[in-house]
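Structure below is entry-v2.cif: mmCIF, C-alpha atoms.
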```
data_start
loop_
_atom_site.label_atom_id
_atom_site.label_comp_id
_atom_site.auth_asym_id
_atom_site.auth_seq_id
_atom_site.Cartn_x
_atom_site.Cartn_y
_atom_site.Cartn_z
CA MET O 1 66.27 127.17 40.70
CA THR O 2 66.31 130.02 43.17
CA GLU O 3 69.00 130.20 45.85
CA ASP O 4 68.38 127.48 48.38
CA LYS O 5 69.36 128.41 51.91
CA PHE O 6 68.44 124.93 53.08
CA LYS O 7 70.98 123.40 50.67
CA HIS O 8 68.72 120.55 49.56
CA GLU O 9 70.95 120.06 46.52
CA GLU O 10 73.68 118.73 48.82
CA ASP O 11 71.47 115.97 50.23
CA LEU O 12 71.92 112.39 49.08
CA PHE O 13 68.29 111.68 49.92
CA CYS O 14 66.08 114.61 49.07
CA SER O 15 62.91 116.31 50.19
CA GLY O 16 59.85 116.13 47.99
CA HIS O 17 59.53 112.33 48.21
CA ARG O 18 55.98 111.18 48.69
CA ALA O 19 56.32 109.06 51.84
CA CYS O 20 53.66 109.74 54.48
CA PRO O 21 54.38 112.28 57.23
CA GLY O 22 56.36 110.62 60.04
CA CYS O 23 57.57 107.72 57.86
CA GLY O 24 60.19 105.52 59.53
CA ALA O 25 61.37 104.09 56.23
CA ALA O 26 62.03 107.56 54.78
CA LEU O 27 64.07 108.39 57.87
CA THR O 28 65.95 105.11 57.37
CA SER O 29 66.72 106.06 53.77
CA LYS O 30 68.16 109.38 54.89
CA LEU O 31 70.30 107.70 57.56
CA VAL O 32 71.55 105.09 55.08
CA THR O 33 72.79 107.76 52.64
CA GLU O 34 74.39 109.72 55.50
CA ALA O 35 76.32 106.61 56.54
CA THR O 36 77.29 105.29 53.09
CA GLY O 37 78.25 108.59 51.46
CA PRO O 38 78.03 109.37 47.75
CA GLN O 39 80.14 106.51 46.34
CA THR O 40 77.31 104.06 46.71
CA ILE O 41 75.17 101.99 44.38
CA LEU O 42 71.84 101.26 45.97
CA SER O 43 69.65 98.47 44.70
CA MET O 44 66.02 98.69 45.74
CA PRO O 45 63.15 96.32 45.15
CA THR O 46 59.49 97.25 44.90
CA GLY O 47 58.09 98.69 48.11
CA CYS O 48 57.05 101.89 49.80
CA MET O 49 60.45 103.51 49.41
CA GLU O 50 60.71 102.65 45.73
CA VAL O 51 57.24 103.99 44.98
CA THR O 52 57.49 107.15 47.04
CA THR O 53 61.04 108.18 46.12
CA THR O 54 60.97 107.60 42.39
CA PRO O 55 57.65 108.53 40.79
CA TYR O 56 58.71 108.79 37.12
CA PRO O 57 60.38 111.07 36.01
CA GLU O 58 61.54 112.14 39.46
CA SER O 59 64.04 110.71 41.93
CA ALA O 60 64.74 111.67 45.53
CA TRP O 61 68.17 110.04 45.41
CA GLY O 62 71.56 111.73 45.10
CA ILE O 63 73.41 108.40 44.90
CA SER O 64 73.32 105.79 42.13
CA TRP O 65 70.08 103.94 42.52
CA ILE O 66 68.54 101.05 40.64
CA HIS O 67 65.06 99.62 40.89
CA ASN O 68 64.36 95.99 40.25
CA ILE O 69 61.41 93.74 40.78
CA PHE O 70 60.29 92.65 44.23
CA GLU O 71 62.30 89.42 44.45
CA ASN O 72 65.53 90.57 42.84
CA SER O 73 67.32 93.31 44.70
CA ALA O 74 69.97 91.10 46.28
CA ALA O 75 70.70 89.35 42.97
CA VAL O 76 70.99 92.67 41.14
CA ALA O 77 73.32 94.09 43.79
CA GLY O 78 75.39 90.90 43.59
CA GLY O 79 75.56 91.27 39.81
CA ILE O 80 76.68 94.88 40.00
CA GLU O 81 79.30 93.97 42.58
CA THR O 82 80.62 91.17 40.35
CA ALA O 83 80.70 93.51 37.36
CA TYR O 84 82.92 95.93 39.28
CA ARG O 85 85.22 93.05 40.20
CA SER O 86 85.48 92.26 36.52
CA PHE O 87 86.10 95.93 35.59
CA ASP O 88 89.02 95.89 38.02
CA LYS O 89 90.50 92.76 36.47
CA ARG O 90 90.19 94.13 32.94
CA ASN O 91 91.37 97.63 33.95
CA LYS O 92 88.23 98.95 32.33
CA GLU O 93 88.28 102.71 32.07
CA GLY O 94 85.50 104.94 33.30
CA TYR O 95 84.62 102.85 36.34
CA MET O 96 85.72 103.28 39.94
CA ASN O 97 87.68 100.59 41.70
CA HIS O 98 85.61 97.88 43.36
CA GLU O 99 86.99 98.73 46.80
CA ASP O 100 85.91 102.38 46.51
CA VAL O 101 82.25 101.62 45.86
CA ASN O 102 79.65 100.59 48.44
CA PHE O 103 77.17 98.02 47.17
CA VAL O 104 73.99 98.31 49.20
CA VAL O 105 70.46 96.95 49.10
CA LEU O 106 67.65 98.74 50.90
CA ALA O 107 64.47 96.70 51.00
CA GLY O 108 61.31 96.43 53.03
CA ASP O 109 60.35 93.44 55.14
CA GLY O 110 58.04 92.00 52.48
CA ALA O 111 60.87 91.98 49.94
CA THR O 112 63.29 90.60 52.52
CA PHE O 113 61.37 88.11 54.69
CA ASP O 114 59.07 86.76 51.98
CA ILE O 115 59.44 87.61 48.31
CA GLY O 116 63.16 88.28 48.08
CA ILE O 117 64.45 85.68 50.53
CA ARG O 118 65.55 83.37 47.70
CA SER O 119 67.79 85.93 46.03
CA LEU O 120 68.96 87.23 49.41
CA SER O 121 69.92 83.71 50.44
CA GLY O 122 71.74 83.22 47.13
CA MET O 123 73.62 86.48 47.46
CA MET O 124 74.70 85.62 51.00
CA GLU O 125 75.66 82.08 50.05
CA ARG O 126 77.77 83.20 47.09
CA GLY O 127 79.52 85.69 49.34
CA HIS O 128 78.98 88.91 47.41
CA ASP O 129 80.41 92.07 48.91
CA VAL O 130 76.97 93.56 49.51
CA LEU O 131 75.38 95.21 52.53
CA TYR O 132 71.71 94.23 52.71
CA ILE O 133 69.59 96.58 54.81
CA CYS O 134 65.99 95.76 55.60
CA TYR O 135 63.67 98.49 56.84
CA ASP O 136 61.22 96.52 58.88
CA ASN O 137 57.73 98.01 59.14
CA GLU O 138 56.17 94.62 59.78
CA ALA O 139 53.71 94.36 56.85
CA TYR O 140 53.20 95.17 53.16
CA MET O 141 52.44 98.85 53.61
CA ASN O 142 52.70 100.01 50.00
CA THR O 143 49.89 97.76 48.77
CA GLY O 144 47.60 98.38 51.74
CA ILE O 145 48.87 96.86 54.99
CA GLN O 146 48.81 93.14 54.22
CA ARG O 147 50.56 90.88 56.72
CA SER O 148 54.08 89.68 55.94
CA SER O 149 56.12 87.05 57.75
CA SER O 150 57.57 89.94 59.73
CA THR O 151 54.19 90.90 61.22
CA PRO O 152 54.24 90.22 64.96
CA ILE O 153 51.63 88.14 66.71
CA GLY O 154 48.52 90.07 67.67
CA ALA O 155 48.89 92.82 65.05
CA ALA O 156 45.83 93.60 62.96
CA THR O 157 46.48 94.03 59.23
CA THR O 158 44.04 93.98 56.32
CA THR O 159 44.77 90.28 55.75
CA SER O 160 44.99 89.38 59.44
CA PRO O 161 42.16 91.55 60.75
CA ALA O 162 41.00 91.49 64.33
CA GLY O 163 37.40 90.40 64.55
CA LYS O 164 34.91 88.37 66.51
CA GLU O 165 37.15 85.28 66.54
CA SER O 166 40.48 86.67 65.46
CA PHE O 167 43.09 88.53 67.48
CA GLY O 168 44.98 89.66 64.40
CA GLU O 169 48.13 87.91 63.22
CA ASP O 170 48.28 84.45 64.74
CA VAL O 171 51.82 83.32 63.99
CA HIS O 172 55.16 84.58 65.20
CA LYS O 173 57.48 86.97 63.44
CA LYS O 174 60.17 85.25 61.39
CA ASP O 175 63.64 85.48 62.94
CA MET O 176 65.39 86.93 59.90
CA PRO O 177 68.66 88.01 61.59
CA SER O 178 69.25 84.40 62.67
CA ILE O 179 68.51 83.17 59.14
CA ALA O 180 71.10 85.62 57.82
CA ALA O 181 73.59 84.58 60.50
CA ALA O 182 73.02 80.91 59.62
CA HIS O 183 74.50 81.67 56.19
CA GLY O 184 77.79 82.22 57.98
CA LEU O 185 77.72 86.00 57.75
CA GLU O 186 80.53 87.84 59.45
CA TYR O 187 78.24 90.69 60.44
CA VAL O 188 74.53 90.83 61.26
CA ALA O 189 72.91 93.64 63.23
CA THR O 190 69.55 95.04 64.24
CA ALA O 191 68.76 98.69 64.85
CA SER O 192 65.91 101.11 65.40
CA VAL O 193 65.26 104.54 63.90
CA ALA O 194 65.02 105.90 67.44
CA TYR O 195 68.81 105.45 67.68
CA PRO O 196 70.13 106.99 64.45
CA GLU O 197 73.76 107.25 65.53
CA ASP O 198 73.81 103.59 66.53
CA PHE O 199 72.36 102.60 63.14
CA LYS O 200 74.81 104.74 61.18
CA LYS O 201 77.74 103.30 63.13
CA LYS O 202 76.52 99.79 62.30
CA VAL O 203 76.24 100.65 58.60
CA GLU O 204 79.74 102.13 58.59
CA LYS O 205 81.14 99.12 60.42
CA ALA O 206 79.40 96.71 58.03
CA LEU O 207 80.82 98.51 54.99
CA GLU O 208 84.36 97.94 56.30
CA ILE O 209 83.78 94.20 56.11
CA GLU O 210 84.36 92.32 52.85
CA GLY O 211 81.53 89.94 51.97
CA PRO O 212 77.78 89.86 52.64
CA LYS O 213 76.34 91.75 55.63
CA TYR O 214 72.79 92.06 56.92
CA ILE O 215 71.25 94.87 58.98
CA GLN O 216 67.60 95.07 59.97
CA ILE O 217 66.15 98.34 61.20
CA PHE O 218 62.83 98.86 62.93
CA ALA O 219 60.94 101.57 61.03
CA PRO O 220 57.46 102.59 62.24
CA CYS O 221 54.63 103.15 59.77
CA PRO O 222 52.02 105.61 61.14
CA ARG O 223 49.51 104.71 58.41
CA GLY O 224 49.76 100.94 58.81
CA TRP O 225 50.21 100.79 62.56
CA ARG O 226 47.48 103.34 63.19
CA HIS O 227 49.38 105.79 65.33
CA GLU O 228 49.94 109.53 65.17
CA SER O 229 52.80 110.53 62.90
CA LYS O 230 54.53 112.42 65.71
CA ASN O 231 54.89 109.19 67.72
CA SER O 232 57.07 107.31 65.22
CA ILE O 233 60.31 107.83 67.12
CA GLU O 234 58.70 107.24 70.52
CA ILE O 235 57.35 103.88 69.31
CA ALA O 236 60.72 102.93 67.82
CA ARG O 237 62.23 103.65 71.23
CA LEU O 238 59.56 101.79 73.21
CA VAL O 239 59.90 98.62 71.14
CA VAL O 240 63.55 98.45 72.21
CA GLU O 241 62.87 99.46 75.82
CA THR O 242 60.27 96.71 76.22
CA GLY O 243 62.57 94.01 74.84
CA LEU O 244 60.31 93.21 71.88
CA TYR O 245 62.95 94.31 69.37
CA PRO O 246 66.38 93.91 70.90
CA ILE O 247 69.11 95.79 69.07
CA PHE O 248 72.39 93.94 68.82
CA GLU O 249 75.40 93.07 66.71
CA MET O 250 76.13 89.48 65.79
CA GLU O 251 79.60 88.63 64.55
CA ASN O 252 80.26 85.19 63.07
CA GLY O 253 77.03 83.92 64.59
CA LYS O 254 77.75 85.15 68.11
CA ILE O 255 76.14 88.15 69.74
CA THR O 256 78.92 90.59 70.51
CA ASN O 257 77.09 93.77 71.42
CA VAL O 258 73.62 94.37 72.85
CA LYS O 259 71.82 97.51 73.91
CA LYS O 260 71.30 96.79 77.60
CA LEU O 261 68.27 97.96 79.53
CA LYS O 262 68.08 98.94 83.15
CA ASP O 263 64.33 98.72 83.73
CA ARG O 264 62.65 96.81 80.95
CA LYS O 265 59.18 98.29 80.40
CA PRO O 266 56.07 96.11 80.18
CA VAL O 267 55.08 95.42 76.55
CA GLU O 268 51.72 97.16 77.06
CA GLU O 269 53.49 100.53 76.99
CA TYR O 270 54.60 99.88 73.43
CA LEU O 271 51.39 98.20 72.28
CA LYS O 272 48.78 100.60 73.63
CA VAL O 273 49.93 103.55 71.50
CA GLN O 274 49.19 101.69 68.28
CA GLY O 275 45.80 101.07 66.71
CA ARG O 276 46.95 97.74 65.26
CA PHE O 277 47.02 96.28 68.79
CA LYS O 278 43.91 98.11 70.05
CA HIS O 279 41.74 94.96 70.13
CA LEU O 280 44.10 93.30 72.61
CA PHE O 281 43.01 95.84 75.21
CA GLU O 282 39.33 95.97 74.29
CA LYS O 283 38.33 92.41 73.57
CA GLU O 284 37.87 89.55 75.95
CA GLY O 285 40.73 87.09 75.54
CA GLY O 286 43.13 89.82 74.46
CA GLU O 287 45.07 89.44 77.68
CA GLU O 288 46.24 86.00 76.54
CA VAL O 289 47.89 87.52 73.47
CA LEU O 290 49.37 90.24 75.66
CA GLU O 291 50.86 87.54 77.86
CA GLU O 292 52.23 85.81 74.78
CA LEU O 293 53.89 89.06 73.67
CA GLN O 294 55.33 89.62 77.15
CA LYS O 295 56.75 86.08 76.98
CA ILE O 296 58.48 86.95 73.71
CA ALA O 297 60.07 89.99 75.33
CA ASP O 298 61.13 87.93 78.36
CA SER O 299 62.60 85.21 76.19
CA ASN O 300 64.47 87.84 74.11
CA ALA O 301 65.84 89.25 77.32
CA GLU O 302 67.06 85.86 78.42
CA LYS O 303 68.37 84.67 75.05
CA ILE O 304 70.09 87.87 74.03
CA GLY O 305 70.89 89.17 77.49
CA ILE O 306 69.37 92.63 77.37
CA ASP O 307 68.69 93.14 81.07
CA LYS O 308 71.31 95.07 83.01
CA GLU O 309 72.18 93.38 86.27
CA MET I 310 66.10 75.99 10.67
CA THR I 311 63.65 78.27 12.30
CA GLU I 312 64.32 81.95 12.58
CA ASP I 313 66.54 83.03 15.44
CA PRO I 314 64.30 85.08 17.74
CA TYR I 315 67.33 86.73 19.30
CA GLU I 316 68.89 87.96 16.08
CA ASP I 317 67.26 91.37 16.06
CA LEU I 318 66.55 91.67 19.73
CA LYS I 319 66.83 95.19 21.01
CA ILE I 320 67.54 95.56 24.67
CA SER I 321 65.84 98.48 26.27
CA LYS I 322 68.02 100.69 28.40
CA GLY I 323 65.20 101.22 30.85
CA ALA I 324 64.23 104.58 32.22
CA VAL I 325 66.89 106.83 33.68
CA VAL I 326 65.90 109.87 35.67
CA LYS I 327 67.95 112.75 37.05
CA PRO I 328 68.97 112.77 40.72
CA ARG I 329 67.27 114.95 43.35
CA THR I 330 64.34 115.74 41.06
CA THR I 331 61.67 115.18 43.71
CA LEU I 332 62.66 118.66 44.87
CA VAL I 333 60.08 119.96 42.37
CA ASN I 334 57.40 118.41 44.54
CA LYS I 335 56.68 120.86 47.35
CA THR I 336 55.22 118.62 50.01
CA GLY I 337 54.62 121.54 52.36
CA SER I 338 51.10 121.71 50.93
CA TRP I 339 50.27 118.45 52.73
CA ARG I 340 50.58 120.05 56.14
CA SER I 341 47.71 120.56 58.56
CA GLU I 342 49.90 121.77 61.42
CA LYS I 343 53.11 123.72 61.14
CA PRO I 344 56.10 123.61 63.49
CA ILE I 345 57.41 126.85 64.95
CA ILE I 346 60.82 126.98 66.63
CA ASP I 347 61.31 129.26 69.63
CA HIS I 348 64.96 130.23 69.14
CA GLU I 349 65.13 131.62 72.69
CA LYS I 350 64.44 128.17 74.11
CA CYS I 351 66.36 126.17 71.49
CA ILE I 352 69.64 124.63 72.71
CA ALA I 353 70.70 123.66 69.14
CA CYS I 354 70.96 119.94 69.97
CA GLY I 355 69.95 119.02 66.43
CA ASN I 356 67.36 116.36 67.32
CA CYS I 357 64.81 118.01 65.02
CA GLU I 358 67.19 117.74 62.07
CA LYS I 359 68.32 114.24 62.97
CA PHE I 360 64.81 112.77 63.13
CA CYS I 361 63.14 114.66 60.26
CA PRO I 362 62.09 112.12 57.59
CA ASP I 363 61.67 114.92 55.04
CA MET I 364 65.02 116.71 55.31
CA ALA I 365 63.00 119.86 56.06
CA VAL I 366 64.99 120.92 59.14
CA LYS I 367 68.47 122.25 58.52
CA GLU I 368 71.19 123.98 60.48
CA THR I 369 71.83 127.36 58.91
CA GLU I 370 75.19 129.09 58.64
CA GLU I 371 74.53 130.98 61.88
CA GLY I 372 74.23 127.66 63.73
CA LYS I 373 70.46 128.00 64.09
CA PHE I 374 68.00 125.28 63.17
CA GLU I 375 65.28 126.32 60.76
CA ILE I 376 62.38 124.54 59.11
CA ASP I 377 61.79 124.66 55.38
CA LEU I 378 58.03 124.96 55.17
CA GLU I 379 58.15 124.27 51.43
CA TYR I 380 58.78 120.61 52.24
CA CYS I 381 57.72 120.09 55.88
CA LYS I 382 54.73 117.72 55.96
CA GLY I 383 53.89 118.63 59.55
CA CYS I 384 54.37 115.17 61.05
CA GLY I 385 55.26 116.68 64.43
CA ILE I 386 58.26 114.45 65.16
CA CYS I 387 60.54 117.48 65.70
CA ALA I 388 58.21 118.96 68.32
CA GLU I 389 57.85 115.58 70.03
CA GLU I 390 61.59 114.84 70.10
CA CYS I 391 62.70 118.33 71.19
CA PRO I 392 64.19 117.87 74.69
CA VAL I 393 63.39 121.46 75.76
CA LYS I 394 60.00 121.75 74.03
CA ALA I 395 61.19 124.64 71.87
CA ILE I 396 58.99 123.59 68.96
CA ILE I 397 55.21 123.97 68.96
CA MET I 398 52.77 122.76 66.34
CA GLU I 399 50.31 125.39 65.20
CA GLU I 400 47.24 124.65 63.14
CA GLU I 401 47.47 125.85 59.54
CA GLU I 402 44.93 128.41 58.43
CA LYS I 403 42.92 127.88 55.27
#
```

Would you mind writing the file out in structure tokens?
Amino acid sequence: MTEDKFKHEEDLFCSGHRACPGCGAALTSKLVTEATGPQTILSMPTGCMEVTTTPYPESAWGISWIHNIFENSAAVAGGIETAYRSFDKRNKEGYMNHEDVNFVVLAGDGATFDIGIRSLSGMMERGHDVLYICYDNEAYMNTGIQRSSSTPIGAATTTSPAGKESFGEDVHKKDMPSIAAAHGLEYVATASVAYPEDFKKKVEKALEIEGPKYIQIFAPCPRGWRHESKNSIEIARLVVETGLYPIFEMENGKITNVKKLKDRKPVEEYLKVQGRFKHLFEKEGGEEVLEELQKIADSNAEKIGIDKE
Amino acid sequence: MTEDPYEDLKISKGAVVKPRTTLVNKTGSWRSEKPIIDHEKCIACGNCEKFCPDMAVKETEEGKFEIDLEYCKGCGICAEECPVKAIIMEEEEK
């Protein structure tokens, strides 16, 4: 290779991956590697990031990376973690010490909220020393924007289309951080790609803790959400500023740190820049769904305490 | 006794690929608009590098931020997130 003044060879997540321009999940992947460093084993299920970063025989990763089927990433990471524990016990040569390796899962919302929830629950229940990170783009993007249980109410996807009768997705987003916390996790956090330093700090903090940890990060998808690629970060900021996606840390089931907001914006500001919510502004009856979404933001604000006095 | 189906079982080692090999894929060809940094205006805050999903913006040894057009897909995030509007997007010519 010719001399590379951009030093791509030093990256732990590399250019040339095939994610769409403006991809929030690709940005998440970069931030994860920046926070974990090289001594990391990343387990990744099927999903956009798996498909776009490892088209055979290429890989965008500079850390150890393993692909497994959709439902298995947490189980595989738990297995690897246990193997390293065993290597330690047997003084097996050629392997690093368990405490020097980060065991991480990076999975999409489909693999986390729906298909992989069984193995995730098992991993958390058994208490493996694994950090599970979910990049949440609120639908199955890789297969063509099908709704997942992370899709918010009112969002149009190919399997919850807006039409004459329908206003898009008609059920609420699953509260995955609370499900994780209910397993007795010491550390659960949410984040957004609009606040990269906050996310990286959370990853670093989580890796200090022994046992299972769960972090969920909001990662816009320009293709699936029908917005311009340049607006990805703006949208990831607006979702927090409207209260629809509060970012917080939860330790031992209690919220210990919340990003507070001075003037919470109305949810319309976040919704109107995305094509997936377009029908709510154009169709008669859409205002009821808008009200519903505003109620969610208000209830988040009250429950989690995001409004600054 | 029936034959043991596991006796001669060969376990595949799966496919192992080399790290950082997507670098062969020059995604710059995807671009319809290209970002141009005005170094006079730039305050070197690093937002463009921080938010780039394609690792195409890097700080060079002189402390300047530059864009690797071999990989930049032209998403426009850097121009949008620049606090002093030092990056403009210019349409690519055929």

Next item on the list: Tell me, as a PyMOL selection string, which residues lie within 8 Å of Lys343 of chain I, counting only C-alpha atoms; anything in the same chain fewer than 5 positions away does not count.
Entry: chain I and resi 378+381+383+398-401

7 Å contacts from chain O to chain I using all atoms listed in the file, as a ChimeraX atom specification: /O:6,14-17,21-23,26-27,57-62,229-231

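Take the candidates O:Gly108, O:Pro220, O:Gly78, O:Gly163 and check each one against Ser121 of chain O using only C-alpha atoms; the shortest distance goes to O:Gly78.
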
Gap from atom CA of Glu210 of chain O to atom CA of Ala35 of chain O - Å, one decimal: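 About the pair atom CA of Glu210 of chain O and atom CA of Ala35 of chain O: they are 16.8 Å apart.
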
Residues at most 10 Å from Lys260 of chain O, counting only C-alpha atoms, excluding those fewer than 5 positions away in the same chain, as an NGL selection string?
:O and (240-241 or 243 or 246-248 or 301 or 304-309)

Checklist line | Å distance separating atom CA of Glu228 of chain O from atom CA of Phe277 of chain O, one decimal place | finding: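 Atom-to-atom, atom CA of Glu228 of chain O and atom CA of Phe277 of chain O are spaced 14.0 Å apart.
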
Practice task
For the structure provided, state which residues fall under the PyMOL selection byres ((chain O and resi 192-194) around 8), and present them as a PyMOL selection string.
Solution key: chain O and resi 24+27-28+190-191+195-196+199+217-219+233-234+236-237+240+247

task: Could you jot down the atom CA of Lys30 of chain O to atom CA of Leu12 of chain O separation for me, Å, one decimal place?
output: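 One can read the atom CA of Lys30 of chain O to atom CA of Leu12 of chain O distance as 7.5 Å.
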
Residues picked by the PyMOL selection byres ((chain O and resi 114) around 12) here, as number ranges by chain?
O: 70-72, 107-113, 115-121, 134, 138-140, 147-151, 173-176

Q) Got a sec to check which residues sit within 6 Å of (79.1, 94.9, 51.0), counting only C-alpha atoms, and write them as a list of chain:residue names? A) O:Phe103, O:Asp129, O:Val130, O:Leu131, O:Leu207, O:Gly211, O:Pro212

List as a ChimeraX atom specification the protein and nucleic acid residues near segment 180-186 of chain O, meaning an atom at most 6 Å away when all atoms listed in the file are counted, but skip any in the same chain fewer than 2 places from it.
/O:177-178,251-253

- Task: Choose the residue, out of O:Cys221, O:Leu261, O:Val188, O:Val76, that has the smallest atom-to-atom separation from Ile209 of chain O; count only C-alpha atoms.
- Result: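 Among the listed residues, O:Val188 lies closest to Ile209 of chain O.
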
Requested in this report: Just say which residues the PyMOL selection byres ((chain O and resi 273) around 9) picks in this file, as number ranges by chain.
Outcome: O: 226-228, 231, 235, 268-272, 274-275, 277-278

One residue among I:Ser341, I:Ala353, I:Glu358, I:Tyr315 is nearest to Glu371 of chain I when using all atoms listed in the file, and that residue is I:Ala353
